[in-house]
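So the structure is just underneath, and the comments pick up after that.
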Protein chains: 2
Amino acid sequence: MSLQQQPVKEQRRTRQRAAVDEVLEETEDFISAQDLHAVLRTRGMSVGLATVYRTLQTLADNGQVDVLHTSSGEAAYRRCARDEHHHHLVCRSCKATVEVAGPAVERWTKSVAKEHGYVDVAHTLEIFGLCPRCAAQQ
Amino acid sequence: MSLQQQPVKEQRRTRQRAAVDEVLEETEDFISAQDLHAVLRTRGMSVGLATVYRTLQTLADNGQVDVLHTSSGEAAYRRCARDEHHHHLVCRSCKATVEVAGPAVERWTKSVAKEHGYVDVAHTLEIFGLCPRCAAQQ
DNA sequence: CCTTGTTTTGACAATGGTTGTCAATCTTTA
DNA sequence: TAAAGATTGACAACCATTGTCAAAACAAGG
């Protein structure tokens with residue numbers, strides 16, 4: 001997942017967007033729109049579900065959060081530490097996430113694409129497993 | 001996407017499953033359950049939508065087809081030529097697909113996971129771009 | 001080629017994540 | 001402070017996918 005430095009669309013500062021930002025800031029792991037909405041709700045910082053979706057969508061478009069599609073098809077979002085292109089090692093069970101960079105992989109995908117004449121290339125790469133903690137609990 | 005050689009669950013030969021198989025056999029590119037259902041319908045080989053879903057699900061579970069989750073979250077299926085683990089270079093526009101193997105990537109993901117103590121590791125890697133033909137049409 | 005036990009089917013309802021709608025409300029800028 | 005425009009939220013709508021369950025199809029044995 002890449003954090004593209006697209007020109008950030010100008011937006012208004014609203015209570016709702018601040019609330020979503022705040023939760024993202026505090027959340028170490030990937031979180032779905034629904035879950036984020038639930039968190040806001042339990043904190044009393046109520047924000048409409050549609051607004052949560054829209055806000056996350058915009059953040060993703062601006063490259064300010066990374067998006068991950070879980071195996072169930074649900075989208076999960078995360079504010080990542082590094083700005084450069086990177087990937088994630090995600091715990092299947094608790095969602096604990098490690099950011100990993102793989103320059104070799106980047107090069108490989110580019111060369112593969114070129115080899116077959118594909119242009120305007122992008123790729124998705126995610127690694128799923130059980131983190132040490134969850135593995136121990138089994 | 002991997003084609004695991006799980007023990008293939010015994011199943012009955014039915015007209016419906018044969019029909020789905022036939023379409024998969026003829027279809028070079030990834031195809032969604034809905035689209036496959038539409039194809040069957042236009043051919044007069046009508047099969048219930050739920051059945052199409054179930055059949056594809058089973059084929060995927062048995063590792064007889066590869067599954068790809070498009071950016072819109074829709075699942076697409078494809079009967080691949082090679083049995084070993086591999087990935088796909090997919091045209092964003094026409095879905096033209098090239099199967100690619102990347103031993104180095106496999107090694108890299110394993111080592112990254114190990115390095116962080118993650119076990120029971122799997123990964124998803126897909127490359128998207130514009131195939132030569134579609135790129136030329138722009 | 002019947003019969004019986006089991007699997008499979010399919011029409012339809014239900015689910016669940018996500019997006020569209022649009023009037024009311026808030027931000028920004030003048 | 002007012003006008004212009006962006007944003008919100010409650011709710012409906014969407015759409016892929018799964019659950020339901022009686023009817024139909026299959027496999028195997030007699």
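Residues in the structure tokens are numbered from 1 in each chain, the chains being A, B, ... in the order shown, and ligands are numbered from 1 in the order shown.
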
Would you mind listing, for every residue of chain B within 9 Å of chain C, the two atoms forming the shortest contact and the distance between them in Å to one decimal, using only C-alpha atoms (C1' of nucleotides), sorted by chain and ascending residue number, as JSON lines?
{"residue": "B:Gln11", "atom": "CA", "partner": "C:DT7", "partner_atom": "C1'", "distance": 8.4}
{"residue": "B:Arg12", "atom": "CA", "partner": "C:DT7", "partner_atom": "C1'", "distance": 7.5}
{"residue": "B:Thr14", "atom": "CA", "partner": "C:DT8", "partner_atom": "C1'", "distance": 8.2}
{"residue": "B:Gln16", "atom": "CA", "partner": "C:DT9", "partner_atom": "C1'", "distance": 8.7}
{"residue": "B:Val47", "atom": "CA", "partner": "C:DG10", "partner_atom": "C1'", "distance": 8.1}
{"residue": "B:Gly48", "atom": "CA", "partner": "C:DG10", "partner_atom": "C1'", "distance": 5.4}
{"residue": "B:Leu49", "atom": "CA", "partner": "C:DG10", "partner_atom": "C1'", "distance": 8.0}
{"residue": "B:Ala50", "atom": "CA", "partner": "C:DG10", "partner_atom": "C1'", "distance": 7.4}
{"residue": "B:Thr51", "atom": "CA", "partner": "C:DT9", "partner_atom": "C1'", "distance": 7.0}

Using only C-alpha atoms (C1' of nucleotides), select each residue of chain D with any atom at most 12 Å away from an atom of chain B, and give the selection as a short mmCIF file (atom, residue, chain, number, x, y, z; two decimals) with C-alpha atoms (C1' of nucleotides), in the first residue's frame.
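Output contents, as saved in iface_23.cif:
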data_model
loop_
_atom_site.label_atom_id
_atom_site.label_comp_id
_atom_site.auth_asym_id
_atom_site.auth_seq_id
_atom_site.Cartn_x
_atom_site.Cartn_y
_atom_site.Cartn_z
"C1'" DC D 15 -25.15 -4.89 -4.52
"C1'" DA D 16 -22.40 -8.83 -3.67
"C1'" DT D 17 -22.85 -12.63 -1.03
"C1'" DT D 18 -24.95 -16.08 2.12
"C1'" DG D 19 -28.87 -18.54 4.48
"C1'" DT D 20 -33.22 -21.24 3.97
"C1'" DA D 24 -35.41 -32.23 -7.70
"C1'" DA D 25 -31.36 -34.82 -9.02
"C1'" DC D 26 -27.76 -38.17 -8.19
"C1'" DA D 27 -25.44 -42.60 -6.71
#

Same-sequence overlay, chain A on chain B, C-alpha least squares, as a tab-separated table (two decimals) with N, CA and C atoms, in the first residue's frame:
chain	number	residue	atom	x	y	z
A	1	MET	N	-1.60	-15.80	-5.31
A	1	MET	CA	-2.68	-16.77	-5.07
A	1	MET	C	-2.15	-18.16	-5.27
A	2	SER	N	-2.48	-19.04	-4.38
A	2	SER	CA	-1.90	-20.36	-4.46
A	2	SER	C	-2.95	-21.40	-4.78
A	3	LEU	N	-2.52	-22.39	-5.50
A	3	LEU	CA	-3.39	-23.54	-5.70
A	3	LEU	C	-2.91	-24.61	-4.74
A	4	GLN	N	-3.53	-24.65	-3.62
A	4	GLN	CA	-3.17	-25.65	-2.61
A	4	GLN	C	-3.69	-26.99	-3.08
A	5	GLN	N	-2.93	-28.03	-2.81
A	5	GLN	CA	-3.47	-29.34	-3.17
A	5	GLN	C	-4.16	-29.97	-1.98
A	6	GLN	N	-5.19	-29.29	-1.54
A	6	GLN	CA	-6.02	-29.83	-0.48
A	6	GLN	C	-6.70	-31.09	-1.03
A	7	PRO	N	-7.01	-32.01	-0.15
A	7	PRO	CA	-7.77	-33.17	-0.62
A	7	PRO	C	-9.09	-32.67	-1.17
A	8	VAL	N	-9.32	-32.94	-2.44
A	8	VAL	CA	-10.53	-32.46	-3.07
A	8	VAL	C	-11.75	-33.17	-2.50
A	9	LYS	N	-12.63	-32.37	-1.94
A	9	LYS	CA	-13.84	-32.92	-1.33
A	9	LYS	C	-14.64	-33.67	-2.40
A	10	GLU	N	-15.09	-34.85	-2.07
A	10	GLU	CA	-15.85	-35.61	-3.08
A	10	GLU	C	-17.18	-34.90	-3.34
A	11	GLN	N	-17.51	-34.83	-4.59
A	11	GLN	CA	-18.73	-34.15	-4.95
A	11	GLN	C	-19.45	-34.91	-6.05
A	12	ARG	N	-20.68	-34.60	-6.18
A	12	ARG	CA	-21.46	-35.26	-7.22
A	12	ARG	C	-21.34	-34.49	-8.53
A	13	ARG	N	-21.38	-35.26	-9.59
A	13	ARG	CA	-21.34	-34.61	-10.90
A	13	ARG	C	-22.75	-34.16	-11.23
A	14	THR	N	-22.89	-32.88	-11.41
A	14	THR	CA	-24.21	-32.36	-11.77
A	14	THR	C	-24.09	-31.49	-13.00
A	15	ARG	N	-25.21	-31.30	-13.64
A	15	ARG	CA	-25.25	-30.46	-14.83
A	15	ARG	C	-24.73	-29.06	-14.52
A	16	GLN	N	-25.13	-28.54	-13.37
A	16	GLN	CA	-24.76	-27.19	-13.01
A	16	GLN	C	-23.26	-27.02	-12.84
A	17	ARG	N	-22.65	-27.96	-12.12
A	17	ARG	CA	-21.22	-27.84	-11.89
A	17	ARG	C	-20.45	-28.00	-13.20
A	18	ALA	N	-20.95	-28.87	-14.06
A	18	ALA	CA	-20.31	-29.03	-15.35
A	18	ALA	C	-20.37	-27.73	-16.14
A	19	ALA	N	-21.51	-27.06	-16.05
A	19	ALA	CA	-21.69	-25.82	-16.79
A	19	ALA	C	-20.72	-24.74	-16.30
A	20	VAL	N	-20.61	-24.62	-14.98
A	20	VAL	CA	-19.69	-23.64	-14.41
A	20	VAL	C	-18.26	-23.98	-14.84
A	21	ASP	N	-17.91	-25.26	-14.73
A	21	ASP	CA	-16.58	-25.71	-15.13
A	21	ASP	C	-16.29	-25.33	-16.57
A	22	GLU	N	-17.26	-25.58	-17.41
A	22	GLU	CA	-17.08	-25.33	-18.83
A	22	GLU	C	-16.75	-23.86	-19.11
A	23	VAL	N	-17.50	-22.99	-18.47
A	23	VAL	CA	-17.25	-21.57	-18.68
A	23	VAL	C	-15.87	-21.19	-18.17
A	24	LEU	N	-15.53	-21.70	-17.00
A	24	LEU	CA	-14.22	-21.41	-16.45
A	24	LEU	C	-13.11	-21.87	-17.39
A	25	GLU	N	-13.35	-23.03	-17.95
A	25	GLU	CA	-12.34	-23.62	-18.84
A	25	GLU	C	-12.09	-22.73	-20.05
A	26	GLU	N	-13.16	-22.14	-20.53
A	26	GLU	CA	-13.06	-21.33	-21.75
A	26	GLU	C	-12.61	-19.90	-21.47
A	27	THR	N	-12.74	-19.50	-20.21
A	27	THR	CA	-12.48	-18.10	-19.90
A	27	THR	C	-11.03	-17.88	-19.50
A	28	GLU	N	-10.36	-17.11	-20.30
A	28	GLU	CA	-8.94	-16.87	-20.08
A	28	GLU	C	-8.71	-15.93	-18.89
A	29	ASP	N	-9.62	-14.98	-18.70
A	29	ASP	CA	-9.42	-13.95	-17.68
A	29	ASP	C	-10.25	-14.21	-16.43
A	30	PHE	N	-9.95	-13.43	-15.42
A	30	PHE	CA	-10.73	-13.53	-14.19
A	30	PHE	C	-12.17	-13.13	-14.46
A	31	ILE	N	-13.07	-13.86	-13.84
A	31	ILE	CA	-14.48	-13.56	-14.04
A	31	ILE	C	-15.22	-13.63	-12.70
A	32	SER	N	-16.15	-12.74	-12.50
A	32	SER	CA	-16.88	-12.70	-11.23
A	32	SER	C	-18.04	-13.70	-11.27
A	33	ALA	N	-18.54	-14.02	-10.10
A	33	ALA	CA	-19.66	-14.95	-10.01
A	33	ALA	C	-20.86	-14.41	-10.79
A	34	GLN	N	-21.10	-13.14	-10.63
A	34	GLN	CA	-22.24	-12.51	-11.31
A	34	GLN	C	-22.07	-12.61	-12.82
A	35	ASP	N	-20.88	-12.30	-13.30
A	35	ASP	CA	-20.64	-12.34	-14.74
A	35	ASP	C	-20.74	-13.77	-15.27
A	36	LEU	N	-20.20	-14.70	-14.50
A	36	LEU	CA	-20.27	-16.09	-14.94
A	36	LEU	C	-21.73	-16.52	-15.02
A	37	HIS	N	-22.49	-16.11	-14.05
A	37	HIS	CA	-23.92	-16.43	-14.05
A	37	HIS	C	-24.60	-15.85	-15.28
A	38	ALA	N	-24.22	-14.64	-15.64
A	38	ALA	CA	-24.80	-13.99	-16.82
A	38	ALA	C	-24.45	-14.76	-18.10
A	39	VAL	N	-23.20	-15.19	-18.16
A	39	VAL	CA	-22.75	-15.96	-19.33
A	39	VAL	C	-23.59	-17.23	-19.47
A	40	LEU	N	-23.74	-17.95	-18.39
A	40	LEU	CA	-24.53	-19.18	-18.41
A	40	LEU	C	-25.94	-18.89	-18.90
A	41	ARG	N	-26.47	-17.82	-18.40
A	41	ARG	CA	-27.84	-17.45	-18.72
A	41	ARG	C	-28.00	-17.17	-20.22
A	42	THR	N	-27.07	-16.41	-20.76
A	42	THR	CA	-27.17	-16.09	-22.19
A	42	THR	C	-26.96	-17.32	-23.05
A	43	ARG	N	-26.31	-18.32	-22.50
A	43	ARG	CA	-26.09	-19.54	-23.27
A	43	ARG	C	-27.23	-20.53	-23.12
A	44	GLY	N	-28.17	-20.14	-22.31
A	44	GLY	CA	-29.31	-21.03	-22.11
A	44	GLY	C	-29.03	-22.13	-21.09
A	45	MET	N	-27.76	-22.21	-20.64
A	45	MET	CA	-27.43	-23.20	-19.61
A	45	MET	C	-27.70	-22.57	-18.26
A	46	SER	N	-28.94	-22.34	-17.97
A	46	SER	CA	-29.29	-21.58	-16.78
A	46	SER	C	-28.97	-22.33	-15.49
A	47	VAL	N	-28.31	-21.62	-14.62
A	47	VAL	CA	-27.95	-22.16	-13.31
A	47	VAL	C	-28.26	-21.09	-12.27
A	48	GLY	N	-28.80	-21.50	-11.15
A	48	GLY	CA	-29.13	-20.54	-10.11
A	48	GLY	C	-27.92	-19.76	-9.64
A	49	LEU	N	-28.15	-18.50	-9.31
A	49	LEU	CA	-27.04	-17.65	-8.87
A	49	LEU	C	-26.37	-18.22	-7.64
A	50	ALA	N	-27.16	-18.66	-6.71
A	50	ALA	CA	-26.61	-19.21	-5.47
A	50	ALA	C	-25.73	-20.42	-5.77
A	51	THR	N	-26.15	-21.19	-6.73
A	51	THR	CA	-25.38	-22.37	-7.11
A	51	THR	C	-24.04	-21.98	-7.71
A	52	VAL	N	-24.06	-20.94	-8.52
A	52	VAL	CA	-22.81	-20.45	-9.09
A	52	VAL	C	-21.86	-20.04	-7.96
A	53	TYR	N	-22.39	-19.30	-7.02
A	53	TYR	CA	-21.58	-18.87	-5.89
A	53	TYR	C	-21.02	-20.06	-5.13
A	54	ARG	N	-21.91	-21.02	-4.85
A	54	ARG	CA	-21.47	-22.18	-4.08
A	54	ARG	C	-20.41	-22.97	-4.82
A	55	THR	N	-20.63	-23.14	-6.10
A	55	THR	CA	-19.68	-23.93	-6.90
A	55	THR	C	-18.31	-23.26	-6.93
A	56	LEU	N	-18.30	-21.98	-7.17
A	56	LEU	CA	-17.03	-21.26	-7.22
A	56	LEU	C	-16.34	-21.30	-5.85
A	57	GLN	N	-17.14	-21.17	-4.82
A	57	GLN	CA	-16.60	-21.23	-3.46
A	57	GLN	C	-15.88	-22.54	-3.22
A	58	THR	N	-16.56	-23.61	-3.60
A	58	THR	CA	-15.99	-24.95	-3.41
A	58	THR	C	-14.72	-25.13	-4.24
A	59	LEU	N	-14.78	-24.70	-5.48
A	59	LEU	CA	-13.61	-24.81	-6.35
A	59	LEU	C	-12.44	-24.05	-5.74
A	60	ALA	N	-12.74	-22.90	-5.20
A	60	ALA	CA	-11.69	-22.09	-4.58
A	60	ALA	C	-11.13	-22.78	-3.34
A	61	ASP	N	-12.02	-23.34	-2.54
A	61	ASP	CA	-11.59	-24.04	-1.33
A	61	ASP	C	-10.69	-25.22	-1.68
A	62	ASN	N	-11.02	-25.87	-2.78
A	62	ASN	CA	-10.23	-27.02	-3.20
A	62	ASN	C	-8.98	-26.61	-3.97
A	63	GLY	N	-8.80	-25.33	-4.14
A	63	GLY	CA	-7.62	-24.87	-4.85
A	63	GLY	C	-7.69	-25.12	-6.33
A	64	GLN	N	-8.88	-25.31	-6.85
A	64	GLN	CA	-9.01	-25.59	-8.28
A	64	GLN	C	-9.16	-24.31	-9.10
A	65	VAL	N	-9.47	-23.23	-8.43
A	65	VAL	CA	-9.46	-21.93	-9.10
A	65	VAL	C	-8.79	-20.91	-8.19
A	66	ASP	N	-8.27	-19.88	-8.80
A	66	ASP	CA	-7.67	-18.81	-8.03
A	66	ASP	C	-8.71	-17.72	-7.82
A	67	VAL	N	-8.61	-17.05	-6.70
A	67	VAL	CA	-9.54	-15.97	-6.40
A	67	VAL	C	-8.79	-14.66	-6.32
A	68	LEU	N	-9.43	-13.65	-6.83
A	68	LEU	CA	-8.83	-12.32	-6.82
A	68	LEU	C	-9.89	-11.36	-6.32
A	69	HIS	N	-9.50	-10.47	-5.41
A	69	HIS	CA	-10.46	-9.46	-4.98
A	69	HIS	C	-10.17	-8.15	-5.66
A	70	THR	N	-11.09	-7.71	-6.49
A	70	THR	CA	-10.88	-6.46	-7.21
A	70	THR	C	-10.94	-5.29	-6.24
A	71	SER	N	-10.53	-4.15	-6.73
A	71	SER	CA	-10.48	-2.98	-5.85
A	71	SER	C	-11.89	-2.62	-5.36
A	72	SER	N	-12.89	-3.01	-6.13
A	72	SER	CA	-14.26	-2.71	-5.71
A	72	SER	C	-14.77	-3.75	-4.72
A	73	GLY	N	-13.91	-4.71	-4.40
A	73	GLY	CA	-14.30	-5.70	-3.41
A	73	GLY	C	-14.99	-6.93	-3.98
A	74	GLU	N	-15.17	-6.92	-5.27
A	74	GLU	CA	-15.82	-8.06	-5.91
A	74	GLU	C	-14.81	-9.18	-6.09
A	75	ALA	N	-15.25	-10.41	-5.90
A	75	ALA	CA	-14.36	-11.55	-6.08
A	75	ALA	C	-14.40	-12.02	-7.52
A	76	ALA	N	-13.24	-12.34	-8.06
A	76	ALA	CA	-13.18	-12.86	-9.42
A	76	ALA	C	-12.41	-14.17	-9.40
A	77	TYR	N	-12.81	-15.09	-10.28
A	77	TYR	CA	-12.25	-16.43	-10.27
A	77	TYR	C	-11.58	-16.78	-11.59
A	78	ARG	N	-10.64	-17.68	-11.53
A	78	ARG	CA	-9.92	-18.06	-12.74
A	78	ARG	C	-9.30	-19.44	-12.57
A	79	ARG	N	-9.45	-20.27	-13.59
A	79	ARG	CA	-8.79	-21.56	-13.57
A	79	ARG	C	-7.41	-21.35	-14.15
A	80	CYS	N	-6.40	-21.52	-13.35
A	80	CYS	CA	-5.04	-21.22	-13.80
A	80	CYS	C	-4.33	-22.42	-14.39
A	81	ALA	N	-3.37	-22.10	-15.23
A	81	ALA	CA	-2.63	-23.15	-15.93
A	81	ALA	C	-1.69	-23.90	-14.99
A	82	ARG	N	-0.96	-23.16	-14.23
A	82	ARG	CA	0.02	-23.83	-13.36
A	82	ARG	C	-0.56	-24.13	-11.99
A	83	ASP	N	-0.09	-25.22	-11.47
A	83	ASP	CA	-0.59	-25.67	-10.18
A	83	ASP	C	0.19	-25.05	-9.02
A	84	GLU	N	1.44	-24.75	-9.29
A	84	GLU	CA	2.28	-24.22	-8.22
A	84	GLU	C	1.83	-22.81	-7.84
A	85	HIS	N	2.30	-22.41	-6.70
A	85	HIS	CA	2.01	-21.08	-6.21
A	85	HIS	C	2.51	-20.03	-7.21
A	86	HIS	N	1.65	-19.06	-7.49
A	86	HIS	CA	2.06	-18.00	-8.41
A	86	HIS	C	1.21	-16.76	-8.19
A	87	HIS	N	1.51	-15.73	-8.95
A	87	HIS	CA	0.75	-14.50	-8.82
A	87	HIS	C	0.24	-14.06	-10.18
A	88	HIS	N	-0.43	-12.91	-10.21
A	88	HIS	CA	-1.03	-12.48	-11.47
A	88	HIS	C	-0.72	-11.03	-11.81
A	89	LEU	N	-0.50	-10.86	-13.09
A	89	LEU	CA	-0.36	-9.51	-13.65
A	89	LEU	C	-1.65	-9.28	-14.41
A	90	VAL	N	-2.49	-8.40	-13.89
A	90	VAL	CA	-3.84	-8.26	-14.42
A	90	VAL	C	-4.08	-6.89	-15.05
A	91	CYS	N	-4.70	-6.89	-16.20
A	91	CYS	CA	-5.03	-5.60	-16.84
A	91	CYS	C	-6.23	-4.98	-16.15
A	92	ARG	N	-6.02	-3.77	-15.70
A	92	ARG	CA	-7.06	-3.04	-14.99
A	92	ARG	C	-8.30	-2.86	-15.87
A	93	SER	N	-8.07	-2.78	-17.16
A	93	SER	CA	-9.16	-2.46	-18.07
A	93	SER	C	-9.87	-3.70	-18.61
A	94	CYS	N	-9.12	-4.60	-19.22
A	94	CYS	CA	-9.76	-5.75	-19.88
A	94	CYS	C	-9.59	-7.05	-19.11
A	95	LYS	N	-8.84	-7.00	-17.99
A	95	LYS	CA	-8.65	-8.18	-17.14
A	95	LYS	C	-7.68	-9.22	-17.71
A	96	ALA	N	-7.08	-8.93	-18.84
A	96	ALA	CA	-6.10	-9.86	-19.41
A	96	ALA	C	-5.09	-10.22	-18.33
A	97	THR	N	-4.83	-11.51	-18.18
A	97	THR	CA	-4.02	-11.97	-17.06
A	97	THR	C	-2.79	-12.76	-17.48
A	98	VAL	N	-1.69	-12.46	-16.84
A	98	VAL	CA	-0.46	-13.22	-17.04
A	98	VAL	C	-0.09	-13.84	-15.70
A	99	GLU	N	0.20	-15.12	-15.73
A	99	GLU	CA	0.62	-15.78	-14.49
A	99	GLU	C	2.12	-15.58	-14.32
A	100	VAL	N	2.51	-15.15	-13.14
A	100	VAL	CA	3.93	-14.94	-12.91
A	100	VAL	C	4.37	-15.60	-11.61
A	101	ALA	N	5.56	-16.16	-11.64
A	101	ALA	CA	6.10	-16.78	-10.44
A	101	ALA	C	7.21	-15.89	-9.91
A	102	GLY	N	7.28	-15.77	-8.60
A	102	GLY	CA	8.32	-14.92	-8.01
A	102	GLY	C	8.94	-15.58	-6.81
A	103	PRO	N	9.83	-16.53	-7.05
A	103	PRO	CA	10.45	-17.28	-5.94
A	103	PRO	C	11.08	-16.35	-4.93
A	104	ALA	N	11.67	-15.27	-5.43
A	104	ALA	CA	12.33	-14.34	-4.52
A	104	ALA	C	11.34	-13.71	-3.55
A	105	VAL	N	10.17	-13.41	-4.08
A	105	VAL	CA	9.14	-12.80	-3.24
A	105	VAL	C	8.70	-13.77	-2.16
A	106	GLU	N	8.55	-15.01	-2.56
A	106	GLU	CA	8.14	-16.04	-1.58
A	106	GLU	C	9.14	-16.09	-0.44
A	107	ARG	N	10.39	-16.11	-0.82
A	107	ARG	CA	11.45	-16.19	0.19
A	107	ARG	C	11.42	-14.95	1.08
A	108	TRP	N	11.22	-13.82	0.44
A	108	TRP	CA	11.23	-12.57	1.19
A	108	TRP	C	10.10	-12.52	2.23
A	109	THR	N	8.90	-12.88	1.80
A	109	THR	CA	7.78	-12.83	2.73
A	109	THR	C	8.02	-13.78	3.90
A	110	LYS	N	8.54	-14.95	3.59
A	110	LYS	CA	8.80	-15.92	4.65
A	110	LYS	C	9.81	-15.37	5.66
A	111	SER	N	10.85	-14.75	5.14
A	111	SER	CA	11.89	-14.27	6.05
A	111	SER	C	11.39	-13.08	6.87
A	112	VAL	N	10.61	-12.23	6.24
A	112	VAL	CA	10.05	-11.09	6.97
A	112	VAL	C	9.18	-11.57	8.12
A	113	ALA	N	8.34	-12.55	7.80
A	113	ALA	CA	7.43	-13.07	8.80
A	113	ALA	C	8.21	-13.69	9.96
A	114	LYS	N	9.21	-14.47	9.60
A	114	LYS	CA	10.02	-15.15	10.60
A	114	LYS	C	10.71	-14.15	11.51
A	115	GLU	N	11.25	-13.14	10.87
A	115	GLU	CA	11.96	-12.08	11.58
A	115	GLU	C	11.12	-11.45	12.69
A	116	HIS	N	9.80	-11.40	12.45
A	116	HIS	CA	8.92	-10.79	13.44
A	116	HIS	C	8.14	-11.83	14.24
A	117	GLY	N	8.52	-13.07	14.07
A	117	GLY	CA	7.91	-14.13	14.87
A	117	GLY	C	6.51	-14.51	14.47
A	118	TYR	N	6.12	-14.13	13.27
A	118	TYR	CA	4.79	-14.51	12.79
A	118	TYR	C	4.85	-15.92	12.21
A	119	VAL	N	3.82	-16.69	12.48
A	119	VAL	CA	3.79	-18.06	11.95
A	119	VAL	C	2.53	-18.29	11.14
A	120	ASP	N	2.49	-19.45	10.46
A	120	ASP	CA	1.31	-19.79	9.69
A	120	ASP	C	1.02	-18.68	8.67
A	121	VAL	N	2.03	-18.40	7.90
A	121	VAL	CA	2.01	-17.21	7.05
A	121	VAL	C	1.47	-17.45	5.64
A	122	ALA	N	0.73	-16.51	5.17
A	122	ALA	CA	0.26	-16.51	3.79
A	122	ALA	C	0.40	-15.09	3.27
A	123	HIS	N	0.27	-14.93	1.97
A	123	HIS	CA	0.35	-13.57	1.46
A	123	HIS	C	-0.45	-13.42	0.18
A	124	THR	N	-0.81	-12.20	-0.09
A	124	THR	CA	-1.51	-11.90	-1.34
A	124	THR	C	-0.67	-10.89	-2.09
A	125	LEU	N	-0.50	-11.14	-3.35
A	125	LEU	CA	0.28	-10.23	-4.19
A	125	LEU	C	-0.31	-10.22	-5.58
A	126	GLU	N	-0.78	-9.08	-6.00
A	126	GLU	CA	-1.31	-8.96	-7.34
A	126	GLU	C	-0.74	-7.70	-7.96
A	127	ILE	N	-0.49	-7.78	-9.25
A	127	ILE	CA	0.04	-6.62	-9.97
A	127	ILE	C	-1.01	-6.15	-10.96
A	128	PHE	N	-1.34	-4.87	-10.89
A	128	PHE	CA	-2.35	-4.34	-11.80
A	128	PHE	C	-1.71	-3.30	-12.72
A	129	GLY	N	-2.18	-3.29	-13.95
A	129	GLY	CA	-1.66	-2.32	-14.90
A	129	GLY	C	-2.51	-2.31	-16.14
A	130	LEU	N	-2.03	-1.64	-17.17
A	130	LEU	CA	-2.73	-1.64	-18.45
A	130	LEU	C	-1.95	-2.52	-19.40
A	131	CYS	N	-2.63	-3.49	-19.98
A	131	CYS	CA	-1.95	-4.38	-20.92
A	131	CYS	C	-1.62	-3.59	-22.19
A	132	PRO	N	-0.68	-4.08	-22.98
A	132	PRO	CA	-0.24	-3.37	-24.19
A	132	PRO	C	-1.41	-2.94	-25.06
A	133	ARG	N	-2.34	-3.85	-25.27
A	133	ARG	CA	-3.47	-3.54	-26.13
A	133	ARG	C	-4.30	-2.37	-25.60
A	134	CYS	N	-4.64	-2.42	-24.32
A	134	CYS	CA	-5.46	-1.36	-23.73
A	134	CYS	C	-4.69	-0.04	-23.67
A	135	ALA	N	-3.39	-0.15	-23.42
A	135	ALA	CA	-2.57	1.06	-23.34
A	135	ALA	C	-2.54	1.77	-24.70
A	136	ALA	N	-2.54	0.98	-25.75
A	136	ALA	CA	-2.48	1.54	-27.10
A	136	ALA	C	-3.77	2.27	-27.47
A	137	GLN	N	-4.86	1.77	-26.92
A	137	GLN	CA	-6.16	2.35	-27.28
A	137	GLN	C	-6.45	3.70	-26.64
A	138	GLN	N	-5.63	4.04	-25.66
A	138	GLN	CA	-5.91	5.31	-24.95
A	138	GLN	C	-5.74	6.49	-25.89

Requested in this report: Report as a PyMOL selection string: the residues of chain B with a DSSP assignment of strand (DSSP E), based on the backbone of this structure.
Outcome: chain B and resi 31-32+66-69+75-78+87-91+97-100+119-130

Requested in this report: as a ChimeraX atom specification, list the residues of chain B assigned to alpha helix (DSSP H) by DSSP on the backbone atoms of this structure.
Outcome: /B:15-26,33-42,49-61,103-115,132-137
